[in-house]
Structure formats: structure tokens, C-alpha cells
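Pasting start05.cif here (mmCIF, C-alpha atoms):
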data_protein
#
loop_
_atom_site.label_atom_id
_atom_site.label_comp_id
_atom_site.auth_asym_id
_atom_site.auth_seq_id
_atom_site.Cartn_x
_atom_site.Cartn_y
_atom_site.Cartn_z
CA MET L 164 -10.40 -41.88 16.84
CA THR L 165 -12.05 -42.79 20.14
CA ASN L 166 -14.29 -40.48 22.13
CA LEU L 167 -11.54 -40.11 24.74
CA SER L 168 -8.96 -39.22 22.09
CA ARG L 169 -11.29 -36.64 20.55
CA GLN L 170 -12.13 -35.10 23.94
CA ILE L 171 -8.51 -34.84 25.08
CA ALA L 172 -7.47 -33.35 21.72
CA ALA L 173 -10.22 -30.74 22.01
CA ASP L 174 -9.18 -30.01 25.60
CA LEU L 175 -5.53 -29.48 24.66
CA LEU L 176 -6.49 -27.04 21.92
CA GLN L 177 -9.01 -25.17 24.06
CA ILE L 178 -6.69 -24.58 27.03
CA GLN L 179 -3.74 -23.84 24.71
CA ALA L 180 -1.63 -26.72 25.96
CA VAL L 181 -1.07 -27.27 22.24
CA PHE L 182 -0.63 -24.53 19.65
CA LEU L 183 -1.02 -25.22 15.93
CA ARG L 184 0.68 -22.35 14.13
CA PRO L 185 1.92 -23.47 10.69
CA GLU L 186 2.02 -19.92 9.30
CA GLU L 187 4.37 -18.83 12.11
CA PRO L 188 6.36 -21.97 13.03
CA PHE L 189 8.13 -22.65 16.28
CA THR L 190 11.84 -23.53 16.35
CA TRP L 191 12.72 -26.62 18.36
CA ALA L 192 16.05 -26.99 20.19
CA SER L 193 17.18 -29.24 17.34
CA GLY L 194 16.62 -26.38 14.87
CA ILE L 195 13.59 -28.03 13.29
CA GLN L 196 10.85 -25.64 12.17
CA SER L 197 7.63 -26.96 13.65
CA PRO L 198 3.98 -25.97 13.12
CA ILE L 199 3.09 -27.36 16.55
CA TYR L 200 4.08 -26.56 20.11
CA CYS L 201 3.01 -28.80 22.97
CA ASP L 202 3.23 -28.05 26.71
CA ASN L 203 1.03 -30.48 28.58
CA ARG L 204 2.11 -29.08 31.94
CA VAL L 205 -0.60 -26.48 31.32
CA THR L 206 -3.18 -29.21 31.96
CA TYR L 207 -2.36 -29.25 35.67
CA ALA L 208 -3.90 -25.78 35.97
CA GLU L 209 -7.25 -26.93 34.52
CA PRO L 210 -9.18 -29.10 37.02
CA GLU L 211 -11.68 -30.64 34.57
CA VAL L 212 -9.03 -31.40 31.97
CA ARG L 213 -6.70 -32.72 34.67
CA ARG L 214 -9.45 -35.05 35.91
CA ARG L 215 -10.20 -36.39 32.43
CA ILE L 216 -6.53 -37.04 31.77
CA ALA L 217 -5.96 -38.77 35.11
CA GLU L 218 -9.04 -40.94 34.55
CA GLY L 219 -7.85 -41.62 31.01
CA TYR L 220 -4.54 -42.92 32.33
CA VAL L 221 -6.39 -45.18 34.74
CA GLN L 222 -8.66 -46.48 31.98
CA VAL L 223 -5.72 -47.36 29.73
CA ILE L 224 -3.71 -48.99 32.51
CA ARG L 225 -6.65 -51.11 33.65
CA GLU L 226 -7.52 -52.19 30.10
CA LYS L 227 -4.01 -52.83 28.77
CA TYR L 228 -1.98 -53.58 31.89
CA PRO L 229 -4.28 -55.13 34.52
CA ALA L 230 -1.26 -56.74 36.20
CA CYS L 231 0.24 -53.31 36.98
CA GLU L 232 1.63 -53.12 40.54
CA ALA L 233 3.07 -49.57 40.51
CA VAL L 234 2.78 -46.39 38.45
CA ILE L 235 6.07 -44.62 37.84
CA GLY L 236 6.38 -41.09 36.44
CA THR L 237 9.06 -39.49 34.32
CA SER L 238 10.82 -36.44 35.73
CA THR L 239 9.34 -33.94 35.85
CA SER L 240 6.36 -33.96 33.52
CA GLY L 241 5.02 -37.38 34.45
CA ILE L 242 5.26 -37.13 38.22
CA GLY L 243 1.92 -35.43 38.86
CA TYR L 244 -0.16 -37.73 36.67
CA ALA L 245 1.63 -40.83 37.93
CA ALA L 246 0.68 -39.78 41.47
CA LEU L 247 -2.95 -39.07 40.48
CA ALA L 248 -3.36 -42.36 38.60
CA ALA L 249 -1.72 -44.35 41.39
CA TRP L 250 -3.96 -42.68 43.96
CA LEU L 251 -7.10 -43.52 41.96
CA MET L 252 -5.91 -47.11 41.56
CA GLU L 253 -4.62 -47.43 45.13
CA LEU L 254 -1.17 -48.44 43.87
CA PRO L 255 2.37 -47.41 44.82
CA THR L 256 3.98 -44.61 42.85
CA GLY L 257 7.37 -43.01 42.36
CA TYR L 258 9.45 -41.39 39.66
CA VAL L 259 12.74 -41.66 37.83
CA ARG L 260 15.10 -38.70 38.08
CA GLY L 261 16.57 -36.99 35.05
CA GLY L 262 19.97 -37.64 36.66
CA ALA L 263 21.18 -39.35 39.82
CA LYS L 264 21.21 -37.28 43.02
CA SER L 265 24.59 -35.78 43.81
CA HIS L 266 24.05 -36.31 47.54
CA GLY L 267 22.54 -38.83 49.93
CA ARG L 268 22.17 -42.28 48.35
CA GLY L 269 22.46 -40.97 44.80
CA ASN L 270 19.06 -42.35 43.84
CA LYS L 271 17.90 -42.49 40.25
CA ILE L 272 14.52 -43.84 41.32
CA GLU L 273 12.47 -42.09 43.98
CA GLY L 274 9.90 -44.18 45.80
CA ARG L 275 10.44 -47.91 45.81
CA VAL L 276 10.76 -50.34 42.91
CA THR L 277 11.42 -53.98 43.73
CA PRO L 278 12.86 -56.71 41.47
CA GLY L 279 10.12 -58.32 39.41
CA GLN L 280 7.59 -55.60 40.19
CA LYS L 281 5.27 -54.92 37.25
CA VAL L 282 5.22 -51.18 36.54
CA VAL L 283 3.71 -48.77 34.02
CA VAL L 284 5.55 -45.57 33.08
CA VAL L 285 3.60 -42.31 32.87
CA GLU L 286 4.91 -39.64 30.48
CA ASP L 287 3.23 -36.51 29.14
CA THR L 288 4.45 -36.24 25.53
CA ILE L 289 6.18 -38.65 23.14
CA SER L 290 8.23 -37.23 20.28
CA THR L 291 11.40 -39.19 19.39
CA GLY L 292 11.07 -41.35 22.51
CA GLY L 293 14.62 -40.89 23.75
CA SER L 294 13.96 -39.60 27.26
CA VAL L 295 11.22 -42.06 28.16
CA ILE L 296 13.31 -44.98 26.89
CA GLU L 297 16.06 -43.90 29.31
CA VAL L 298 13.51 -44.11 32.13
CA VAL L 299 12.46 -47.59 31.00
CA GLU L 300 16.09 -48.73 30.93
CA ILE L 301 16.75 -47.42 34.45
CA LEU L 302 13.70 -49.28 35.74
CA ARG L 303 14.78 -52.45 33.97
CA GLU L 304 18.26 -52.15 35.49
CA ALA L 305 16.57 -52.00 38.89
CA GLY L 306 14.83 -55.28 38.10
CA ALA L 307 11.36 -53.93 37.33
CA ASP L 308 9.14 -55.54 34.72
CA VAL L 309 8.08 -52.52 32.63
CA LEU L 310 4.72 -53.38 31.08
CA GLY L 311 4.39 -50.25 28.96
CA ILE L 312 4.20 -46.48 28.71
CA VAL L 313 1.08 -44.33 28.89
CA SER L 314 1.21 -40.70 27.72
CA ILE L 315 -1.13 -37.80 27.05
CA PHE L 316 0.01 -37.03 23.51
CA THR L 317 2.27 -38.40 20.80
CA TYR L 318 3.55 -36.60 17.73
CA GLU L 319 3.38 -40.00 15.93
CA MET L 320 6.89 -39.48 14.56
CA GLN L 321 8.34 -42.52 12.81
CA LYS L 322 11.65 -42.06 14.62
CA GLY L 323 9.85 -42.33 17.94
CA LYS L 324 7.94 -45.44 16.84
CA ASP L 325 11.16 -47.08 15.63
CA ARG L 326 13.06 -46.31 18.83
CA LEU L 327 10.27 -47.64 21.04
CA ALA L 328 10.08 -50.81 18.95
CA GLU L 329 13.85 -51.26 19.20
CA ALA L 330 13.63 -50.86 22.99
CA GLN L 331 10.80 -53.43 22.99
CA ILE L 332 8.40 -51.15 24.79
CA GLU L 333 4.87 -50.06 23.87
CA ASN L 334 3.40 -46.58 24.27
CA THR L 335 -0.30 -45.82 24.41
CA SER L 336 -1.29 -42.16 24.18
CA LEU L 337 -4.63 -40.70 25.20
CA THR L 338 -4.59 -38.66 22.02
CA ASP L 339 -2.24 -38.10 19.10
CA PHE L 340 -1.19 -35.78 16.29
CA GLY L 341 -3.74 -37.22 13.87
CA ALA L 342 -6.63 -36.75 16.29
CA LEU L 343 -5.50 -33.22 17.07
CA VAL L 344 -5.42 -32.26 13.39
CA GLU L 345 -8.81 -33.89 12.78
CA VAL L 346 -10.42 -31.99 15.66
CA ALA L 347 -8.76 -28.78 14.49
CA ALA L 348 -10.21 -29.33 11.00
CA GLN L 349 -13.72 -30.09 12.29
CA THR L 350 -13.80 -26.97 14.46
CA GLY L 351 -12.43 -24.64 11.78
CA TYR L 352 -9.23 -24.06 13.74
CA LEU L 353 -7.21 -24.68 10.55
CA ASP L 354 -7.85 -24.45 6.82
CA PRO L 355 -7.29 -27.43 4.46
CA LYS L 356 -3.86 -26.22 3.24
CA ALA L 357 -2.62 -25.95 6.81
CA ILE L 358 -3.91 -29.43 7.60
CA ALA L 359 -2.02 -30.92 4.65
CA ALA L 360 1.13 -29.08 5.76
CA LEU L 361 0.79 -30.43 9.30
CA LYS L 362 0.50 -33.99 8.05
CA ALA L 363 3.57 -33.51 5.84
CA PHE L 364 5.52 -32.27 8.88
CA ARG L 365 4.47 -35.28 10.92
CA ASP L 366 5.60 -37.69 8.21
CA ASN L 367 9.04 -36.04 7.86
CA PRO L 368 9.84 -33.41 10.52
CA GLY L 369 13.35 -32.87 9.20
CA ASP L 370 12.06 -31.75 5.79
CA ALA L 371 10.92 -28.10 5.82
CA GLY L 372 9.07 -28.62 2.53
CA TRP L 373 5.76 -28.45 4.36
CA LEU L 374 6.26 -24.68 4.64
CA GLY L 375 5.83 -24.39 0.87
CA MET L 376 2.37 -25.95 1.09
CA LEU L 377 0.86 -22.94 2.86
CA GLY L 378 0.91 -20.50 -0.05
#

This entry written out as C-alpha cells:
Amino acid sequence: MTNLSRQIAADLLQIQAVFLRPEEPFTWASGIQSPIYCDNRVTYAEPEVRRRIAEGYVQVIREKYPACEAVIGTSTSGIGYAALAAWLMELPTGYVRGGAKSHGRGNKIEGRVTPGQKVVVVEDTISTGGSVIEVVEILREAGADVLGIVSIFTYEMQKGKDRLAEAQIENTSLTDFGALVEVAAQTGYLDPKAIAALKAFRDNPGDAGWLGMLG
């Protein structure tokens, strides 16, 4: 776990952008019982955290994708950080809509993406990877060369890893589920039984057996 990963994980817990609540699980839209709830939009309301995240995006893009020519956000969660990172890097920015406009030119991509342009996609959270892969495919259809994805947080779900690999796209997150659990353990946020349950959930979210580990 890097210093940046540790710091961002601590930030997310402190500002309650992420809740770890294994004893009172959340229910996802899919029906899955989850010990974790993540809403990284909360970070926009915290100037210091927002700055660290924006600078973290820039650091990753410069280190991993130095050829990047534009920073493109996902709609809507990635738009703000794509704009901040692009501003810091003095690069063009834009975003991909969740659906094509029903009026005007019917754009799927707002801003400007040109054939052959090397772009990095900014997302906030990676779970199963489905929505961000759709964004990558739209950009590829427009002729862009998508270098990779950068996100704030990943659940590290195997399904997400497999889908990204199948789509031949790489994601780099500023922090991840493992780092979050480790920071939570070090700060006394969770007890050892809860930590084991969280790891079991991460390894197989569809299996509610982790609930039985809390007794």
C-alpha cells in the first residue's frame, strides 16, 4: 500500500464517503447484501480531499500515461475530476454521456475527441466495470486511443477485473478495498471478525456467507 493509497483511504473513511457497516449491511440494487457503501461524490465537498484526489489523478496519468492528450470523464461522477486533472495538466477535457442526447446533434461525447487522440478515462468507483467499459467502447468507436482508466476507488471484485481484462483496458485506482480495510483495522474502525468478513465479501460478493462470520 502506497502513501497515497493509505491517505486517500483514510480520507474516504474520515469524510464518510465510504461506510463500512458489516453488522448492518447495505442492500445494492442487485439485491446483494454489502458491508460497504461508497459515494465518492462526497469528496467534492471537501477541499483538501478534493485537492489530494485531483493531484493523485495527475500523478498517475503522468507516471503511467505520459502520452495522454486529453482527459475524459464518465457521466456524471467522473466529470468534475476529469476537468480538475485536465486543468492541472493543461490538457483538453470532455465527458461521455450516459445516453445520447435526444436533441441537437445527439452527442454521446461532449467536448471534442479526434481520431487517434490518446485519452485517459476518469471514473470515481470501479465495481463490476460495466459502465466504464461502455465509456471506453464509445470513445474507441469515435476513433480515440484509450490508454487506460484512472479511478478513486475499486472494490477489487474479480468480476470487474475479468471484464476489464476482456475489454483490454487497464484501471489504476488511487486506493482500493484492501487498503481501506487495512486502514480501518489500524485505526480501530473495525474489529478482526469484521475485517475477515469484509475480505470474504470482496472475494465472493454473491455469497452472503460472510454475514455468519460476525457472530

Neighbour list for stretch 166-180 of chain L as an mmCIF file with C-alpha atoms, in the frame of the given file, cut-off 9 Å, all atoms listed in the file, skip fewer than 2 positions in-chain:
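File written: selection-v6.cif
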data_model
loop_
_atom_site.group_PDB
_atom_site.id
_atom_site.type_symbol
_atom_site.label_atom_id
_atom_site.label_comp_id
_atom_site.auth_asym_id
_atom_site.auth_seq_id
_atom_site.Cartn_x
_atom_site.Cartn_y
_atom_site.Cartn_z
ATOM 1 C CA MET L 164 -10.400 -41.880 16.840
ATOM 2 C CA PHE L 182 -0.630 -24.530 19.650
ATOM 3 C CA LEU L 183 -1.020 -25.220 15.930
ATOM 4 C CA TYR L 200 4.080 -26.560 20.110
ATOM 5 C CA CYS L 201 3.010 -28.800 22.970
ATOM 6 C CA ASP L 202 3.230 -28.050 26.710
ATOM 7 C CA ASN L 203 1.030 -30.480 28.580
ATOM 8 C CA ARG L 204 2.110 -29.080 31.940
ATOM 9 C CA VAL L 205 -0.600 -26.480 31.320
ATOM 10 C CA THR L 206 -3.180 -29.210 31.960
ATOM 11 C CA GLU L 209 -7.250 -26.930 34.520
ATOM 12 C CA VAL L 212 -9.030 -31.400 31.970
ATOM 13 C CA ARG L 215 -10.200 -36.390 32.430
ATOM 14 C CA ILE L 216 -6.530 -37.040 31.770
ATOM 15 C CA GLY L 219 -7.850 -41.620 31.010
ATOM 16 C CA ILE L 315 -1.130 -37.800 27.050
ATOM 17 C CA PHE L 316 0.010 -37.030 23.510
ATOM 18 C CA SER L 336 -1.290 -42.160 24.180
ATOM 19 C CA LEU L 337 -4.630 -40.700 25.200
ATOM 20 C CA THR L 338 -4.590 -38.660 22.020
ATOM 21 C CA ASP L 339 -2.240 -38.100 19.100
ATOM 22 C CA PHE L 340 -1.190 -35.780 16.290
ATOM 23 C CA ALA L 342 -6.630 -36.750 16.290
ATOM 24 C CA LEU L 343 -5.500 -33.220 17.070
ATOM 25 C CA VAL L 344 -5.420 -32.260 13.390
ATOM 26 C CA GLU L 345 -8.810 -33.890 12.780
ATOM 27 C CA VAL L 346 -10.420 -31.990 15.660
ATOM 28 C CA ALA L 347 -8.760 -28.780 14.490
#

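Minimum atom-to-atom distance to L:Met376, evaluated using all atoms listed in the file, belongs to L:Pro185 out of L:Gly261, L:Gly351, L:Gly274, L:Pro185.
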
**Prompt:** Which of these residues is nearest to L:Gly257, using only C-alpha atoms: L:Asp287, L:Glu297, L:Glu232, L:Glu329?
**Reply:**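 When distances to L:Gly257 are compared using only C-alpha atoms, the smallest one comes from L:Glu232.
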
**Item:** Pick from L:Asp366, L:Glu226, L:Glu211, L:Glu333 nearest to L:Val285, counting all atoms listed in the file
**Value:**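 Among L:Asp366, L:Glu226, L:Glu211, L:Glu333, it is L:Glu333 that comes nearest to L:Val285.
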
**Item:** atom CA of L:Lys356 to atom CA of L:Ala192, distance in Å rounded to a single decimal
**Value:** 26.2 Å

**Request:** Take the PyMOL selection byres ((chain L and resi 236-251) around 6), apply it to the structure above, and return the hits as a VMD selection string.
**Result:** chain L and resid 217 221 234 to 235 252 to 254 256 258 to 261 284 to 287

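The interatomic distance for the pair atom CA of L:Gly375 and atom CA of L:Gly194 works out to 17.8 Å.
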
**Asked** Can you tell me how far atom CA of L:Ala330 sits from atom CA of L:Ser193, in Å to one decimal?
**Response** 22.6 Å

**Asked** So, counting all atoms listed in the file, which residue among L:Ile224, L:Cys231, L:Leu377, L:Leu327 is closest to L:Val313?
**Response** L:Ile224

Is it possible to add all heavy atoms to stretch 329-340 of chain L and hand it back as an mmCIF file, in the coordinates of the input?
data_model
loop_
_atom_site.group_PDB
_atom_site.id
_atom_site.type_symbol
_atom_site.label_atom_id
_atom_site.label_comp_id
_atom_site.auth_asym_id
_atom_site.auth_seq_id
_atom_site.Cartn_x
_atom_site.Cartn_y
_atom_site.Cartn_z
ATOM 1 N N GLU L 329 12.502 -50.727 18.965
ATOM 2 C CA GLU L 329 13.850 -51.260 19.200
ATOM 3 C C GLU L 329 14.069 -51.540 20.688
ATOM 4 O O GLU L 329 14.740 -52.515 21.053
ATOM 5 C CB GLU L 329 14.898 -50.255 18.708
ATOM 6 C CG GLU L 329 16.316 -50.753 18.796
ATOM 7 C CD GLU L 329 17.324 -49.756 18.254
ATOM 8 O OE1 GLU L 329 16.897 -48.745 17.647
ATOM 9 O OE2 GLU L 329 18.539 -49.979 18.443
ATOM 10 N N ALA L 330 13.502 -50.673 21.537
ATOM 11 C CA ALA L 330 13.630 -50.860 22.990
ATOM 12 C C ALA L 330 12.638 -51.888 23.521
ATOM 13 O O ALA L 330 12.633 -52.180 24.721
ATOM 14 C CB ALA L 330 13.415 -49.529 23.698
ATOM 15 N N GLN L 331 11.796 -52.423 22.637
ATOM 16 C CA GLN L 331 10.800 -53.430 22.990
ATOM 17 C C GLN L 331 9.866 -52.929 24.094
ATOM 18 O O GLN L 331 9.654 -53.585 25.109
ATOM 19 C CB GLN L 331 11.472 -54.748 23.396
ATOM 20 C CG GLN L 331 12.282 -55.370 22.275
ATOM 21 C CD GLN L 331 12.888 -56.706 22.663
ATOM 22 O OE1 GLN L 331 13.378 -56.874 23.771
ATOM 23 N NE2 GLN L 331 12.856 -57.659 21.745
ATOM 24 N N ILE L 332 9.338 -51.751 23.850
ATOM 25 C CA ILE L 332 8.400 -51.150 24.790
ATOM 26 C C ILE L 332 7.260 -50.495 24.010
ATOM 27 O O ILE L 332 7.481 -49.947 22.932
ATOM 28 C CB ILE L 332 9.098 -50.131 25.730
ATOM 29 C CG1 ILE L 332 8.187 -49.715 26.876
ATOM 30 C CG2 ILE L 332 9.576 -48.922 24.940
ATOM 31 C CD1 ILE L 332 7.961 -50.800 27.895
ATOM 32 N N GLU L 333 6.071 -50.578 24.547
ATOM 33 C CA GLU L 333 4.870 -50.060 23.870
ATOM 34 C C GLU L 333 4.397 -48.778 24.553
ATOM 35 O O GLU L 333 4.376 -48.685 25.780
ATOM 36 C CB GLU L 333 3.768 -51.106 23.932
ATOM 37 C CG GLU L 333 2.450 -50.680 23.319
ATOM 38 C CD GLU L 333 1.342 -51.701 23.551
ATOM 39 O OE1 GLU L 333 1.264 -52.262 24.665
ATOM 40 O OE2 GLU L 333 0.554 -51.926 22.625
ATOM 41 N N ASN L 334 4.023 -47.798 23.763
ATOM 42 C CA ASN L 334 3.400 -46.580 24.270
ATOM 43 C C ASN L 334 1.950 -46.523 23.826
ATOM 44 O O ASN L 334 1.629 -46.811 22.677
ATOM 45 C CB ASN L 334 4.130 -45.332 23.755
ATOM 46 C CG ASN L 334 3.325 -44.069 24.007
ATOM 47 O OD1 ASN L 334 3.111 -43.687 25.161
ATOM 48 N ND2 ASN L 334 2.858 -43.432 22.944
ATOM 49 N N THR L 335 1.089 -46.103 24.743
ATOM 50 C CA THR L 335 -0.300 -45.820 24.410
ATOM 51 C C THR L 335 -0.577 -44.377 24.829
ATOM 52 O O THR L 335 -0.369 -44.026 25.992
ATOM 53 C CB THR L 335 -1.263 -46.755 25.155
ATOM 54 O OG1 THR L 335 -0.969 -48.104 24.815
ATOM 55 C CG2 THR L 335 -2.709 -46.434 24.785
ATOM 56 N N SER L 336 -1.006 -43.559 23.882
ATOM 57 C CA SER L 336 -1.290 -42.160 24.180
ATOM 58 C C SER L 336 -2.802 -41.932 24.232
ATOM 59 O O SER L 336 -3.557 -42.564 23.483
ATOM 60 C CB SER L 336 -0.682 -41.250 23.109
ATOM 61 O OG SER L 336 0.733 -41.314 23.157
ATOM 62 N N LEU L 337 -3.212 -41.018 25.103
ATOM 63 C CA LEU L 337 -4.630 -40.700 25.200
ATOM 64 C C LEU L 337 -5.141 -40.023 23.944
ATOM 65 O O LEU L 337 -6.292 -40.188 23.552
ATOM 66 C CB LEU L 337 -4.885 -39.794 26.416
ATOM 67 C CG LEU L 337 -4.426 -40.328 27.775
ATOM 68 C CD1 LEU L 337 -4.862 -39.382 28.884
ATOM 69 C CD2 LEU L 337 -4.950 -41.731 28.030
ATOM 70 N N THR L 338 -4.265 -39.251 23.303
ATOM 71 C CA THR L 338 -4.590 -38.660 22.020
ATOM 72 C C THR L 338 -3.307 -38.518 21.216
ATOM 73 O O THR L 338 -2.215 -38.774 21.731
ATOM 74 C CB THR L 338 -5.321 -37.305 22.183
ATOM 75 O OG1 THR L 338 -5.919 -36.942 20.926
ATOM 76 C CG2 THR L 338 -4.380 -36.202 22.638
ATOM 77 N N ASP L 339 -3.424 -38.132 19.951
ATOM 78 C CA ASP L 339 -2.240 -38.100 19.100
ATOM 79 C C ASP L 339 -2.345 -36.979 18.056
ATOM 80 O O ASP L 339 -3.348 -36.260 17.983
ATOM 81 C CB ASP L 339 -2.017 -39.447 18.415
ATOM 82 C CG ASP L 339 -3.241 -39.937 17.650
ATOM 83 O OD1 ASP L 339 -3.900 -39.117 16.981
ATOM 84 O OD2 ASP L 339 -3.545 -41.137 17.706
ATOM 85 N N PHE L 340 -1.287 -36.844 17.294
ATOM 86 C CA PHE L 340 -1.190 -35.780 16.290
ATOM 87 C C PHE L 340 -2.348 -35.849 15.311
ATOM 88 O O PHE L 340 -2.972 -34.837 14.984
ATOM 89 C CB PHE L 340 0.149 -35.919 15.562
ATOM 90 C CG PHE L 340 0.510 -34.751 14.696
ATOM 91 C CD1 PHE L 340 1.373 -33.765 15.149
ATOM 92 C CD2 PHE L 340 0.011 -34.632 13.400
ATOM 93 C CE1 PHE L 340 1.718 -32.689 14.348
ATOM 94 C CE2 PHE L 340 0.345 -33.564 12.590
ATOM 95 C CZ PHE L 340 1.201 -32.590 13.070
#
